[in-house]
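> Provided below: my_file.txt, containing compact mmCIF, C-alpha atoms.
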# COMPACT_ATOMS: atom_id res chain seq x y z
CA MET A 197 46.51 23.09 -71.59
CA ALA A 198 49.13 22.98 -74.35
CA ASP A 199 52.81 23.48 -73.63
CA ILE A 200 56.08 22.57 -75.33
CA VAL A 201 55.95 19.06 -73.84
CA SER A 202 52.44 18.20 -75.00
CA ILE A 203 53.08 19.73 -78.43
CA ALA A 204 56.32 17.75 -78.85
CA HIS A 205 54.46 14.53 -78.00
CA ALA A 206 51.74 15.42 -80.52
CA ILE A 207 54.39 15.90 -83.23
CA VAL A 208 55.98 12.57 -82.26
CA ALA A 209 52.58 10.90 -82.68
CA GLN A 210 52.16 12.50 -86.10
CA MET A 211 55.62 11.35 -87.20
CA ALA A 212 54.74 7.81 -86.06
CA ALA A 213 51.52 7.93 -88.09
CA ILE A 214 53.51 8.91 -91.18
CA VAL A 215 56.34 6.41 -90.75
CA TYR A 216 54.13 3.52 -89.59
CA PRO A 217 50.89 3.95 -91.59
CA ASP A 218 49.63 0.52 -90.45
CA GLY A 219 50.58 1.10 -86.82
CA LYS A 220 53.74 0.20 -84.98
CA ALA A 221 52.91 -3.49 -85.25
CA GLY A 222 53.38 -3.16 -89.01
CA ALA A 223 56.40 -2.30 -91.11
CA SER A 224 57.72 1.22 -91.51
CA ILE A 225 57.48 2.92 -94.89
CA THR A 226 61.17 2.14 -95.50
CA GLY A 227 61.00 -1.41 -94.16
CA ARG A 228 63.71 -0.47 -91.67
CA PRO A 229 63.17 -0.19 -87.90
CA THR A 230 62.69 3.45 -86.94
CA LYS A 231 62.66 4.89 -83.43
CA ILE A 232 60.67 8.10 -82.93
CA PHE A 233 60.83 10.06 -79.71
CA ARG A 234 61.02 13.47 -78.06
CA GLY A 235 64.53 14.67 -77.27
CA TRP A 236 67.89 14.04 -78.89
CA ILE A 237 69.85 10.93 -79.73
CA THR A 238 72.52 9.81 -77.26
CA GLN A 239 75.88 8.10 -77.52
CA ALA A 240 74.15 4.78 -76.92
CA ASP A 241 72.12 5.36 -80.09
CA TYR A 242 75.42 5.50 -82.00
CA THR A 243 77.35 2.72 -80.34
CA GLY A 244 74.95 0.62 -78.24
CA ALA A 245 74.65 -3.14 -78.54
CA ASP A 246 71.44 -3.08 -80.56
CA CYS A 247 68.79 -0.70 -81.92
CA THR A 248 71.55 1.66 -83.05
CA LEU A 249 72.38 3.59 -86.20
CA GLY A 250 75.21 1.23 -86.99
CA ARG A 251 72.86 -1.75 -86.91
CA GLY A 252 70.39 -0.38 -89.45
CA VAL A 253 68.02 1.44 -87.11
CA ASP A 254 66.89 4.91 -88.12
CA PHE A 255 65.85 7.66 -85.70
CA ILE A 256 63.45 10.58 -85.75
CA THR A 257 63.72 13.08 -82.89
CA VAL A 258 61.53 16.03 -81.93
CA THR A 259 62.97 18.96 -79.99
CA ASP A 260 61.94 22.50 -79.11
CA LEU A 261 64.59 25.04 -80.05
CA GLN A 262 66.06 27.50 -77.59
CA GLY A 263 65.38 31.06 -78.65
CA GLY A 264 62.49 29.93 -80.84
CA TRP A 265 59.73 31.34 -78.60
CA ARG A 266 57.82 34.56 -78.91
CA ARG A 267 54.59 35.92 -77.52
CA ILE A 268 51.68 36.64 -79.88
CA ASP A 269 49.15 39.37 -79.18
CA GLU A 270 45.66 38.08 -78.42
CA PRO A 271 42.35 39.97 -78.16
CA LEU A 272 42.01 42.13 -75.05
CA GLY A 273 39.67 41.10 -72.29
CA ARG A 274 40.43 37.37 -72.37
CA PRO A 275 36.74 36.39 -72.18
CA TRP A 276 35.57 33.05 -70.81
CA ARG A 277 34.15 30.64 -73.39
CA GLN A 278 31.64 28.29 -71.82
CA GLU A 279 31.40 24.76 -73.19
CA ALA A 280 28.47 22.33 -73.06
CA THR A 281 26.83 22.06 -69.64
CA ILE A 282 27.29 18.79 -67.76
CA PRO A 283 23.86 18.06 -66.25
CA ALA A 284 23.36 16.86 -62.69
CA THR A 285 22.68 13.14 -62.37
CA VAL A 286 22.02 13.53 -58.64
CA SER A 287 18.62 14.42 -57.20
CA ILE A 288 17.47 15.32 -53.69
CA THR A 289 13.91 15.15 -52.37
CA THR A 290 12.71 16.70 -49.12
CA GLU A 291 9.82 16.19 -46.74
CA GLY A 292 9.68 18.32 -43.63
CA ASN A 293 13.01 18.04 -41.88
CA THR A 294 14.33 15.09 -43.92
CA ALA A 295 16.06 14.92 -47.30
CA THR A 296 16.96 11.91 -49.41
CA VAL A 297 19.69 11.80 -52.07
CA ALA A 298 19.49 9.62 -55.19
CA ILE A 299 21.64 9.09 -58.28
CA GLN A 300 20.25 8.19 -61.70
CA ASP A 301 20.57 4.53 -62.58
CA ASP A 302 23.66 3.65 -64.66
CA ALA A 303 24.90 7.25 -64.54
CA ASN A 304 28.18 8.71 -63.35
CA PRO A 305 27.63 11.00 -60.35
CA THR A 306 27.81 14.63 -61.50
CA GLY A 307 26.52 18.01 -60.44
CA ILE A 308 26.08 20.21 -57.41
CA VAL A 309 23.60 19.27 -54.67
CA GLY A 310 22.37 21.56 -51.91
CA LEU A 311 19.99 21.93 -48.97
CA ARG A 312 18.44 25.18 -47.74
CA ILE A 313 17.40 25.14 -44.09
CA ARG A 314 14.39 27.12 -42.87
CA SER A 315 14.45 27.49 -39.08
CA ASP A 316 13.72 29.82 -36.19
CA GLY A 317 17.40 30.75 -36.17
CA THR A 318 18.09 29.42 -32.69
CA THR A 319 20.54 26.66 -33.59
CA ILE A 320 21.00 27.18 -37.32
CA PRO A 321 20.65 30.57 -39.04
CA ASP A 322 17.50 30.76 -41.14
CA ARG A 323 17.97 30.14 -44.88
CA SER A 324 21.41 28.58 -44.32
CA VAL A 325 22.68 26.54 -47.25
CA ALA A 326 24.74 23.34 -47.31
CA ALA A 327 26.26 22.45 -50.69
CA HIS A 328 28.38 19.61 -52.04
CA ALA A 329 30.24 19.33 -55.35
CA VAL A 330 29.67 15.75 -56.48
CA GLN A 331 32.76 13.68 -57.28
CA ASP A 332 33.06 10.66 -59.58
CA THR A 333 33.55 8.38 -56.59
CA ASP A 334 30.49 9.63 -54.70
CA THR A 335 27.45 7.54 -53.85
CA ALA A 336 24.07 8.69 -52.54
CA THR A 337 25.27 7.73 -49.07
CA THR A 338 28.53 9.70 -49.23
CA ILE A 339 26.73 12.76 -50.63
CA ALA A 340 24.20 12.64 -47.79
CA ALA A 341 27.03 12.29 -45.27
CA ALA A 342 28.89 15.27 -46.78
CA LEU A 343 25.80 17.47 -46.51
CA ALA A 344 24.95 16.30 -42.98
CA ALA A 345 28.50 17.02 -41.81
CA GLN A 346 27.92 20.70 -42.56
CA ILE A 347 24.66 21.04 -40.60
CA PRO A 348 24.76 21.29 -36.79
CA GLY A 349 22.76 18.49 -35.18
CA ALA A 350 22.03 16.68 -38.46
CA THR A 351 21.97 12.89 -38.56
CA VAL A 352 22.31 10.62 -41.57
CA SER A 353 21.08 7.11 -42.32
CA GLY A 354 22.20 5.85 -45.71
CA PRO A 355 21.09 8.44 -48.27
CA THR A 356 18.68 10.21 -45.87
CA ILE A 357 19.49 13.31 -43.80
CA THR A 358 17.45 14.42 -40.81
CA VAL A 359 17.77 17.88 -39.24
CA SER A 360 16.17 18.41 -35.84
CA GLY A 361 14.98 21.57 -34.17
CA GLY A 362 11.71 22.38 -35.93
CA THR A 363 13.37 22.99 -39.29
CA THR A 364 12.17 22.40 -42.83
CA LEU A 365 14.42 21.61 -45.77
CA ASP A 366 14.45 22.59 -49.44
CA GLY A 367 16.66 20.69 -51.89
CA ALA A 368 18.12 21.66 -55.24
CA THR A 369 20.65 20.35 -57.72
CA GLY A 370 22.44 21.92 -60.64
CA GLY A 371 24.92 21.11 -63.36
CA TYR A 372 28.11 22.88 -64.35
CA ALA A 373 29.85 23.79 -67.56
CA PRO A 374 33.59 23.72 -68.28
CA ALA A 375 34.83 27.15 -69.33
CA VAL A 376 38.12 28.20 -70.87
CA ARG A 377 39.88 31.44 -71.69
CA THR A 378 43.22 32.28 -73.26
CA ALA A 379 45.86 33.26 -70.73
CA ARG A 380 48.68 33.63 -73.27
CA ARG A 381 49.25 32.96 -76.97
CA GLN A 382 52.72 32.11 -78.22
CA GLN A 383 54.82 30.56 -80.97
CA GLN A 384 57.60 28.01 -80.53
CA LEU A 385 60.01 26.64 -83.10
CA PHE A 386 60.38 22.85 -83.15
CA GLN A 387 62.85 20.67 -85.03
CA VAL A 388 62.15 17.18 -86.34
CA THR A 389 65.40 15.45 -87.28
CA VAL A 390 65.84 12.27 -89.33
CA TRP A 391 68.99 10.31 -88.46
CA SER A 392 70.27 7.39 -90.49
CA ALA A 393 73.45 5.57 -91.49
CA SER A 394 71.96 5.21 -94.97
CA THR A 395 71.50 8.16 -97.32
CA ALA A 396 68.75 6.24 -99.13
CA ALA A 397 66.84 5.66 -95.86
CA ARG A 398 67.40 9.28 -94.80
CA ASP A 399 66.02 10.51 -98.12
CA ALA A 400 63.04 8.13 -98.02
CA LEU A 401 62.07 9.18 -94.51
CA GLY A 402 62.58 12.83 -95.35
CA THR A 403 60.36 12.61 -98.43
CA ALA A 404 57.67 10.79 -96.46
CA ILE A 405 57.64 13.47 -93.77
CA GLU A 406 57.61 16.23 -96.38
CA ASN A 407 54.63 14.69 -98.16
CA GLY A 408 52.87 13.62 -94.97
CA MET A 409 52.92 17.13 -93.50
CA ALA A 410 52.20 18.99 -96.73
CA PHE A 411 48.48 19.45 -96.05
CA ILE A 412 48.52 19.39 -92.25
CA ASP A 413 48.09 22.83 -90.69
CA TRP A 414 46.64 21.81 -87.30
CA LEU A 415 47.38 19.12 -84.74
CA THR A 416 45.77 18.29 -81.39
CA ASP A 417 47.71 17.27 -78.30
CA ALA A 418 46.71 14.67 -75.70
CA ASN A 419 45.01 17.38 -73.61
CA GLY A 420 42.65 18.22 -76.46
CA SER A 421 44.34 21.53 -77.28
CA THR A 422 44.58 22.28 -81.00
CA PHE A 423 47.61 24.17 -82.29
CA GLN A 424 48.78 25.45 -85.67
CA ILE A 425 51.91 23.97 -87.23
CA GLU A 426 53.68 25.65 -90.15
CA ALA A 427 56.73 24.41 -92.08
CA ARG A 428 59.84 26.57 -91.77
CA GLY A 429 62.17 24.64 -94.06
CA ASP A 430 64.28 21.48 -94.11
CA TRP A 431 67.70 20.52 -95.44
CA ASN A 432 70.12 17.62 -95.75
CA ASN A 433 73.00 17.72 -93.29
CA ASP A 434 76.01 15.50 -94.02
CA ALA A 435 78.38 17.15 -91.53
CA ALA A 436 78.71 13.86 -89.59
CA GLN A 437 79.13 11.59 -92.61
CA SER A 438 82.67 10.70 -91.51
CA SER A 439 80.94 8.97 -88.56
CA GLY A 440 78.45 7.31 -90.88
CA ILE A 441 75.54 9.56 -89.85
CA PHE A 442 73.27 11.40 -92.26
CA MET A 443 70.66 13.90 -91.06
CA ARG A 444 67.66 15.76 -92.39
CA PRO A 445 66.31 18.43 -90.02
CA PHE A 446 62.80 19.89 -90.46
CA ARG A 447 61.77 23.05 -88.66
CA SER A 448 58.16 23.91 -87.86
CA LEU A 449 56.61 26.90 -86.14
CA CYS A 450 53.83 26.01 -83.72
CA THR A 451 51.30 28.57 -82.49
CA TYR A 452 49.38 27.59 -79.38
CA ASP A 453 47.45 28.98 -76.44
CA THR A 454 48.09 28.61 -72.76
CA ASP A 455 44.56 28.27 -71.39
CA ALA A 456 42.98 28.79 -67.99
CA ARG A 457 40.11 26.43 -67.20
CA GLU A 458 37.36 26.50 -64.60
CA ASN A 459 33.95 24.94 -64.13
CA MET A 460 31.00 27.32 -63.99
CA ALA A 461 28.16 25.96 -61.88
CA GLN A 462 24.44 26.68 -62.02
CA MET A 463 22.77 28.54 -59.16
CA LEU A 464 21.32 26.88 -56.04
CA PHE A 465 18.92 29.03 -53.96
CA GLY A 466 20.72 32.12 -55.18
CA THR A 467 23.99 30.45 -54.20
CA GLU A 468 26.77 30.49 -56.76
CA VAL A 469 29.15 27.54 -56.84
CA PHE A 470 32.23 27.67 -59.05
CA ASN A 471 35.77 26.37 -59.60
CA LEU A 472 34.49 22.79 -59.50
CA PRO A 473 35.62 20.07 -58.98
CA GLY A 474 38.94 20.34 -57.14
CA ASP A 475 39.81 23.67 -55.55
CA ARG A 476 36.58 25.63 -55.51
CA THR A 477 34.97 28.74 -54.08
CA ILE A 478 31.32 28.84 -53.02
CA THR A 479 29.39 31.99 -52.13
CA ALA A 480 25.84 32.20 -50.77
CA GLY A 481 23.32 34.72 -52.05
CA ASP A 482 20.17 34.56 -49.92
CA GLY A 483 21.49 33.04 -46.69
CA PRO A 484 24.68 32.09 -44.89
CA LEU A 485 26.67 29.23 -46.41
CA LEU A 486 27.65 26.39 -44.12
CA ALA A 487 31.04 24.66 -44.49
CA ALA A 488 30.59 23.51 -48.09
CA SER A 489 32.34 20.42 -49.36
Taking this structure as input, can you express it in the form of structure tokens?


Amino acid sequence: MADIVSIAHAIVAQMAAIVYPDGKAGASITGRPTKIFRGWITQADYTGADCTLGRGVDFITVTDLQGGWRRIDEPLGRPWRQEATIPATVSITTEGNTATVAIQDDANPTGIVGLRIRSDGTTIPDRSVAAHAVQDTDTATTIAAALAAQIPGATVSGPTITVSGGTTLDGATGGYAPAVRTARRQQQLFQVTVWSASTAARDALGTAIENGMAFIDWLTDANGSTFQIEARGDWNNDAAQSSGIFMRPFRSLCTYDTDARENMAQMLFGTEVFNLPGDRTITAGDGPLLAAS
């Protein structure tokens, strides 16, 4: 989910790619040390012992501007967009009143696993369902234990569950698909500012940023959210030249979505499982749902 923090960090990363084309282990495009970060420079950046403007270090800062936000209309309805389904790597086999859980070799545990219990209804309601949303840290043994904990009178031995009382078990597994929808679309004005004690360095960095962003219309933040970035002008600012500081601010308008995300699960025995993993809601269709995990 994009916000002003993740977008600012994405712009910082883009500035670093422009200024240090060979990576931060290499030289900057000006040959001068350049610090790039989110926020604003401090007094220590002017007068500190080292890594300061007065000692030949240049700065590039990225800030969001107060009053630079506005909401953008988005299509009505806010429909869910389902992404690629993550298949289940867990399986469950049943025989009579026993069930055994297994996980595919060399696979991360994923999916939803469930048991449907057919009984005379004395101890456990007929067609009851136990379901478990598999976590990355799960093993066949922990999945079996999670299912057994939901079923009255069930016992577990390793990956095998046994339910007494003349019952029979049916097993099923399913995958789930991440889904996303737009909760809000907005624009925010950001400012990238070049700071230097050298007009030549200020101009060189400014030109590099101008050229480096000329054909970039979209960036992606660390969360995987893509946003539009549009230039809104830049200028040279020499108001602090009496203090030996020369600036070049750049303003950019970023358009991004605030997204809501959920995981949509496949059906088990007519049982719908959703909001997985993490906080989740599970509803049963053809029988009562036991205390799902």

> For a cut-off of 8 Å around (47.0, 30.9, -78.1), file coordinates, pick out all residues using all atoms listed in the file and list them as a VMD selection string.

chain A and resid 268 270 378 to 382 423 451 to 455

> Write out as a list of chain:residue names which residues come within 8 Å of range 393-399 of chain A when counting all atoms listed in the file, dropping same-chain ones fewer than 2 positions away.

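In the requested format, the answer is A:Thr226, A:Leu249, A:Gly250, A:Gly252, A:Asp254, A:Val390, A:Trp391, A:Leu401, A:Gly402, A:Thr403, A:Gly440, A:Ile441, A:Phe442, A:Met443, A:Arg444.
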
> Find the smallest box with edges along x, y and z containing every listed atom of range 366-380 of chain A, then add 8 Å on each side and report centre and edge lengths in Å to one decimal, as JSON.


{"center_x": 31.6, "center_y": 27.0, "center_z": -61.4, "size_x": 50.2, "size_y": 29.3, "size_z": 39.8}

> Report the distance between CA of Gln383 in chain A and CA of Ala209 in chain A in Å, rounded to one decimal place.

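Spanning CA of Gln383 in chain A to CA of Ala209 in chain A is a straight-line distance of 19.9 Å.
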
> Give as a ChimeraX atom specification the set of residues within 10 Å of the point (18.4, 21.8, -48.6), where distances use the file's coordinates and only C-alpha atoms.

/A:288-290,293-295,309-314,323-327,343,357,364-369,464-465

> Write the residues of the selection above to a file with C-alpha atoms, as an mmCIF file, in the frame of the given file.


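So out24.cif came out as:
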data_model
loop_
_atom_site.group_PDB
_atom_site.id
_atom_site.type_symbol
_atom_site.label_atom_id
_atom_site.label_comp_id
_atom_site.auth_asym_id
_atom_site.auth_seq_id
_atom_site.Cartn_x
_atom_site.Cartn_y
_atom_site.Cartn_z
ATOM 1 C CA ILE A 288 17.470 15.320 -53.690
ATOM 2 C CA THR A 289 13.910 15.150 -52.370
ATOM 3 C CA THR A 290 12.710 16.700 -49.120
ATOM 4 C CA ASN A 293 13.010 18.040 -41.880
ATOM 5 C CA THR A 294 14.330 15.090 -43.920
ATOM 6 C CA ALA A 295 16.060 14.920 -47.300
ATOM 7 C CA VAL A 309 23.600 19.270 -54.670
ATOM 8 C CA GLY A 310 22.370 21.560 -51.910
ATOM 9 C CA LEU A 311 19.990 21.930 -48.970
ATOM 10 C CA ARG A 312 18.440 25.180 -47.740
ATOM 11 C CA ILE A 313 17.400 25.140 -44.090
ATOM 12 C CA ARG A 314 14.390 27.120 -42.870
ATOM 13 C CA ARG A 323 17.970 30.140 -44.880
ATOM 14 C CA SER A 324 21.410 28.580 -44.320
ATOM 15 C CA VAL A 325 22.680 26.540 -47.250
ATOM 16 C CA ALA A 326 24.740 23.340 -47.310
ATOM 17 C CA ALA A 327 26.260 22.450 -50.690
ATOM 18 C CA LEU A 343 25.800 17.470 -46.510
ATOM 19 C CA ILE A 357 19.490 13.310 -43.800
ATOM 20 C CA THR A 364 12.170 22.400 -42.830
ATOM 21 C CA LEU A 365 14.420 21.610 -45.770
ATOM 22 C CA ASP A 366 14.450 22.590 -49.440
ATOM 23 C CA GLY A 367 16.660 20.690 -51.890
ATOM 24 C CA ALA A 368 18.120 21.660 -55.240
ATOM 25 C CA THR A 369 20.650 20.350 -57.720
ATOM 26 C CA LEU A 464 21.320 26.880 -56.040
ATOM 27 C CA PHE A 465 18.920 29.030 -53.960
#

> What is the distance, in Å and to one decimal place, between CA of Val201 in chain A and CA of Ala375 in chain A?

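Computing it gives 23.1 Å between the two atoms.
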
> Write out as a ChimeraX atom specification the residues lying within 10 Å of Gly235 in chain A, counting all atoms listed in the file and excluding same-chain residues fewer than 5 positions away.

/A:204,256-260,387-388

> Any idea what the distance is between CA of Pro275 in chain A and CA of Pro374 in chain A?

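So the answer is 13.6 Å.
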
> For Gln278 in chain A, list every protein, DNA or RNA residue within 9 Å, evaluated using only C-alpha atoms, and leave out those in the same chain fewer than 5 positions away; present the list as a list in words.

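Listed by chain and then number, they are Ala373, Pro374, Ala375, Val376, Arg377, Asn459 and Met460 of chain A.
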
> Return the single residue from A:Asp218, A:Val330, A:Val286, A:Pro445 that is closest to Phe255 in chain A, with distances computed using only C-alpha atoms.

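Smallest distance to Phe255 in chain A is found for A:Pro445.
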
> With distances taken over all atoms listed in the file, which residue among A:Met197, A:Arg234, A:Ser392, A:Ala280 lies nearest Asp434 in chain A?

A:Ser392

> Rank A:Val359, A:Ala456, A:Ala436, A:Leu449 by their smallest atom-to-atom distance to Ala340 in chain A, using only C-alpha atoms, and report the top residue only.

A:Val359
